[in-house]
Amino acid sequence: MYPITSREHALFRQLVKLEKSSRARRLKGLTLLDGVHLIQVYHASRHIPLKLIVSESGYDHAEIKYLIREFSKQSGIDTILFSDALFKQVSPVRTPTGILALITIPSCEANAIDKSQVFCTLLEAIQDPGNLGSMLRSAAAAGVSDVYLSNDCADAWSPKTLRAAMGAHFSLTIHEQSNLVQIAQQFHGKVIAATLQSTRHLYQTDLKGPVAFVFGNEGAGLSQELLRAVCEQVTIPMTDKTESLNVAAAAAICFFEKMRQQCY
């Protein structure tokens, strides 16, 4: 390997676009994984990156060298060495980890749904990538199979969302730009919206059997159109001193209450 040091190099320019632009990611069907952990989780889910991109200083780290050797033995994928200065411009974090992977975004039909689905979530206008990533992480841990995102959600495959989800993407089926009203109407189990207005508590609700939880925008909540499509609304009981919960925290509570009722 020899280091790429020119900003005019085609690969460098491609990676910069992918890091910064959701439009570029959608058009190319590609995104970037940052760091050893995400790349290891991706590989453990039986996927192979298109390329590994390593910084000159990162190449000296034992963990990164080991990862490169393992990929070389199993798949022979290209490993590209970037100068530290160029790598820093491509990296989505302030303190670069030293390794990136270029991967293909899995293709998934926006409104695909079938009767085998027993635990799903519908997310409307979740605009903060950190919240979205945290929700995906909790969903995967609690056994959610499919996640449906409205077209005004944050980009599920942005580097920031990927980092927040910590590898959850690779155990979920993520449907972007979905018609959530259509999904809610077609789901064959209970479709339950988490709201502040309901008088019915989450813990009073039977969550056994197929369930799809619905969560809305961090500030505005759920649209009236989607609320009309759900089966019921629930609220999470809180002390009088607390007005509301972060949407990612609320989702985690709902997901794990479903898991508790189903498994214990």
# chains A, B, ... in the order shown; residues from 1 in each chain; ligands from 1
call {"tool": "select_by_dssp", "arguments": {"residues": "segment 102-203 of chain A", "states": "strand (DSSP E or B)", "output": "PDB file with C-alpha atoms, in the first residue's frame"}}
result
ATOM      1  CA  LEU A 102     -17.138   1.602   2.693  1.00  0.00           C
ATOM      2  CA  ILE A 103     -20.285  -0.553   2.622  1.00  0.00           C
ATOM      3  CA  THR A 104     -23.414  -1.078   0.562  1.00  0.00           C
ATOM      4  CA  PHE A 119     -42.744  -6.894  16.775  1.00  0.00           C
ATOM      5  CA  CYS A 120     -42.231  -3.715  14.755  1.00  0.00           C
ATOM      6  CA  THR A 121     -41.902   0.000  15.325  1.00  0.00           C
ATOM      7  CA  LEU A 122     -43.034   2.981  13.250  1.00  0.00           C
ATOM      8  CA  LEU A 123     -41.057   6.204  13.625  1.00  0.00           C
ATOM      9  CA  ASP A 146     -38.682  -4.274  11.366  1.00  0.00           C
ATOM     10  CA  VAL A 147     -38.383  -0.492  11.695  1.00  0.00           C
ATOM     11  CA  TYR A 148     -40.437   1.800   9.441  1.00  0.00           C
ATOM     12  CA  LEU A 149     -39.299   5.408   9.044  1.00  0.00           C
ATOM     13  CA  THR A 173     -34.793  -4.635   8.678  1.00  0.00           C
ATOM     14  CA  ILE A 174     -34.955  -0.869   8.188  1.00  0.00           C
ATOM     15  CA  HIS A 175     -37.585   0.533   5.823  1.00  0.00           C
ATOM     16  CA  LYS A 190     -51.977  -4.139  17.833  1.00  0.00           C
ATOM     17  CA  VAL A 191     -50.649  -0.774  16.676  1.00  0.00           C
ATOM     18  CA  ILE A 192     -49.920   1.265  19.807  1.00  0.00           C
ATOM     19  CA  ALA A 193     -48.941   4.929  19.878  1.00  0.00           C
ATOM     20  CA  ALA A 194     -46.950   6.357  22.773  1.00  0.00           C
ATOM     21  CA  HIS A 201     -50.759   3.435  31.136  1.00  0.00           C
TER      22      HIS A 201
END
call {"tool": "closest_residue", "arguments": {"among": "A:Val247, A:Gln177, A:Lys258, A:Asn217", "to": "Gln204 of chain A", "atoms": "only C-alpha atoms"}}
result
A:Lys258
call {"tool": "residues_around", "arguments": {"residues": "Phe87 of chain A", "least_positions_apart": "5", "cutoff": "10 Å", "atoms": "only C-alpha atoms", "output": "number ranges by chain"}}
result
A: 4-5, 12, 15-16, 53-58, 81-82, 92, 96-100
call {"tool": "write_last_selection", "arguments": {"atoms": "N, CA and C atoms", "output": "mmCIF file, in the first residue's frame"}}
result
data_model
loop_
_atom_site.group_PDB
_atom_site.id
_atom_site.type_symbol
_atom_site.label_atom_id
_atom_site.label_comp_id
_atom_site.auth_asym_id
_atom_site.auth_seq_id
_atom_site.Cartn_x
_atom_site.Cartn_y
_atom_site.Cartn_z
ATOM 1 N N ILE A 4 -2.558 7.692 -0.079
ATOM 2 C CA ILE A 4 -3.170 8.698 -0.933
ATOM 3 C C ILE A 4 -3.081 10.030 -0.194
ATOM 4 N N THR A 5 -2.540 11.024 -0.853
ATOM 5 C CA THR A 5 -2.318 12.320 -0.197
ATOM 6 C C THR A 5 -2.992 13.483 -0.912
ATOM 7 N N PHE A 12 -11.108 9.840 -2.501
ATOM 8 C CA PHE A 12 -11.234 10.840 -1.436
ATOM 9 C C PHE A 12 -12.477 11.688 -1.654
ATOM 10 N N LEU A 15 -15.651 9.727 -0.836
ATOM 11 C CA LEU A 15 -15.863 9.505 0.594
ATOM 12 C C LEU A 15 -16.332 10.761 1.304
ATOM 13 N N VAL A 16 -15.794 11.912 0.909
ATOM 14 C CA VAL A 16 -16.234 13.179 1.500
ATOM 15 C C VAL A 16 -17.724 13.394 1.227
ATOM 16 N N ILE A 53 -10.571 1.752 4.595
ATOM 17 C CA ILE A 53 -9.755 2.965 4.453
ATOM 18 C C ILE A 53 -9.057 3.191 5.791
ATOM 19 N N VAL A 54 -7.750 3.264 5.766
ATOM 20 C CA VAL A 54 -6.963 3.333 6.998
ATOM 21 C C VAL A 54 -6.049 4.554 6.938
ATOM 22 N N SER A 55 -5.893 5.220 8.084
ATOM 23 C CA SER A 55 -4.939 6.334 8.147
ATOM 24 C C SER A 55 -3.537 5.793 8.385
ATOM 25 N N GLU A 56 -2.546 6.593 8.055
ATOM 26 C CA GLU A 56 -1.153 6.161 8.263
ATOM 27 C C GLU A 56 -0.893 5.847 9.729
ATOM 28 N N SER A 57 -1.351 6.703 10.626
ATOM 29 C CA SER A 57 -1.121 6.428 12.046
ATOM 30 C C SER A 57 -1.999 5.281 12.531
ATOM 31 N N GLY A 58 -3.206 5.164 11.983
ATOM 32 C CA GLY A 58 -4.092 4.072 12.371
ATOM 33 C C GLY A 58 -3.532 2.713 12.010
ATOM 34 N N LEU A 81 -4.746 3.193 2.011
ATOM 35 C CA LEU A 81 -4.059 3.984 3.029
ATOM 36 C C LEU A 81 -4.172 5.461 2.683
ATOM 37 N N PHE A 82 -4.696 6.253 3.628
ATOM 38 C CA PHE A 82 -4.798 7.698 3.470
ATOM 39 C C PHE A 82 -3.786 8.380 4.389
ATOM 40 N N PRO A 92 -15.933 10.978 10.102
ATOM 41 C CA PRO A 92 -17.105 11.676 10.628
ATOM 42 C C PRO A 92 -16.970 12.090 12.100
ATOM 43 N N PRO A 96 -10.321 11.016 14.848
ATOM 44 C CA PRO A 96 -10.482 9.844 13.983
ATOM 45 C C PRO A 96 -10.002 8.554 14.641
ATOM 46 N N THR A 97 -10.745 7.481 14.366
ATOM 47 C CA THR A 97 -10.388 6.172 14.926
ATOM 48 C C THR A 97 -9.270 5.498 14.147
ATOM 49 N N GLY A 98 -9.065 5.934 12.905
ATOM 50 C CA GLY A 98 -7.996 5.348 12.101
ATOM 51 C C GLY A 98 -8.448 4.350 11.066
ATOM 52 N N ILE A 99 -9.728 3.964 11.091
ATOM 53 C CA ILE A 99 -10.208 3.011 10.086
ATOM 54 C C ILE A 99 -11.671 3.283 9.756
ATOM 55 N N LEU A 100 -11.986 3.213 8.470
ATOM 56 C CA LEU A 100 -13.342 3.328 7.953
ATOM 57 C C LEU A 100 -13.606 2.154 7.019
#
call {"tool": "residues_around", "arguments": {"residues": "Pro129 of chain A", "least_positions_apart": "6", "cutoff": "12 Å", "atoms": "only C-alpha atoms", "output": "PyMOL selection string"}}
result
chain A and resi 22+135-136+152-165+218+248
call {"tool": "write_last_selection", "arguments": {"atoms": "C-alpha atoms", "output": "mmCIF file, in the first residue's frame"}}
result
data_model
loop_
_atom_site.group_PDB
_atom_site.id
_atom_site.type_symbol
_atom_site.label_atom_id
_atom_site.label_comp_id
_atom_site.auth_asym_id
_atom_site.auth_seq_id
_atom_site.Cartn_x
_atom_site.Cartn_y
_atom_site.Cartn_z
ATOM 1 C CA SER A 22 -27.630 11.909 2.667
ATOM 2 C CA MET A 135 -33.967 3.874 19.225
ATOM 3 C CA LEU A 136 -32.561 1.398 16.721
ATOM 4 C CA ASP A 152 -38.962 13.162 7.217
ATOM 5 C CA CYS A 153 -36.908 11.058 9.629
ATOM 6 C CA ALA A 154 -33.166 11.510 9.954
ATOM 7 C CA ASP A 155 -31.065 9.412 7.588
ATOM 8 C CA ALA A 156 -30.869 5.927 9.109
ATOM 9 C CA TRP A 157 -27.551 5.266 7.348
ATOM 10 C CA SER A 158 -25.717 8.465 8.209
ATOM 11 C CA PRO A 159 -22.409 7.947 10.053
ATOM 12 C CA LYS A 160 -23.850 9.655 13.158
ATOM 13 C CA THR A 161 -26.912 7.386 13.283
ATOM 14 C CA LEU A 162 -24.724 4.336 12.685
ATOM 15 C CA ARG A 163 -22.426 5.284 15.563
ATOM 16 C CA ALA A 164 -25.348 5.855 17.946
ATOM 17 C CA ALA A 165 -26.906 2.500 17.018
ATOM 18 C CA GLU A 218 -39.283 14.860 19.568
ATOM 19 C CA ALA A 248 -35.386 7.397 22.676
#
call {"tool": "closest_residue", "arguments": {"among": "A:Asp60, A:Asp240, A:Asp78, A:Asp206", "to": "Arg260 of chain A", "atoms": "only C-alpha atoms"}}
result
A:Asp206
call {"tool": "residues_around", "arguments": {"residues": "Ser45 of chain A", "least_positions_apart": "4", "cutoff": "9 Å", "atoms": "only C-alpha atoms", "output": "PyMOL selection string"}}
result
chain A and resi 40-41+170-171
call {"tool": "closest_residue", "arguments": {"among": "A:Leu245, A:Ile77, A:Leu196, A:Val211", "to": "Gly143 of chain A", "atoms": "only C-alpha atoms"}}
result
A:Val211
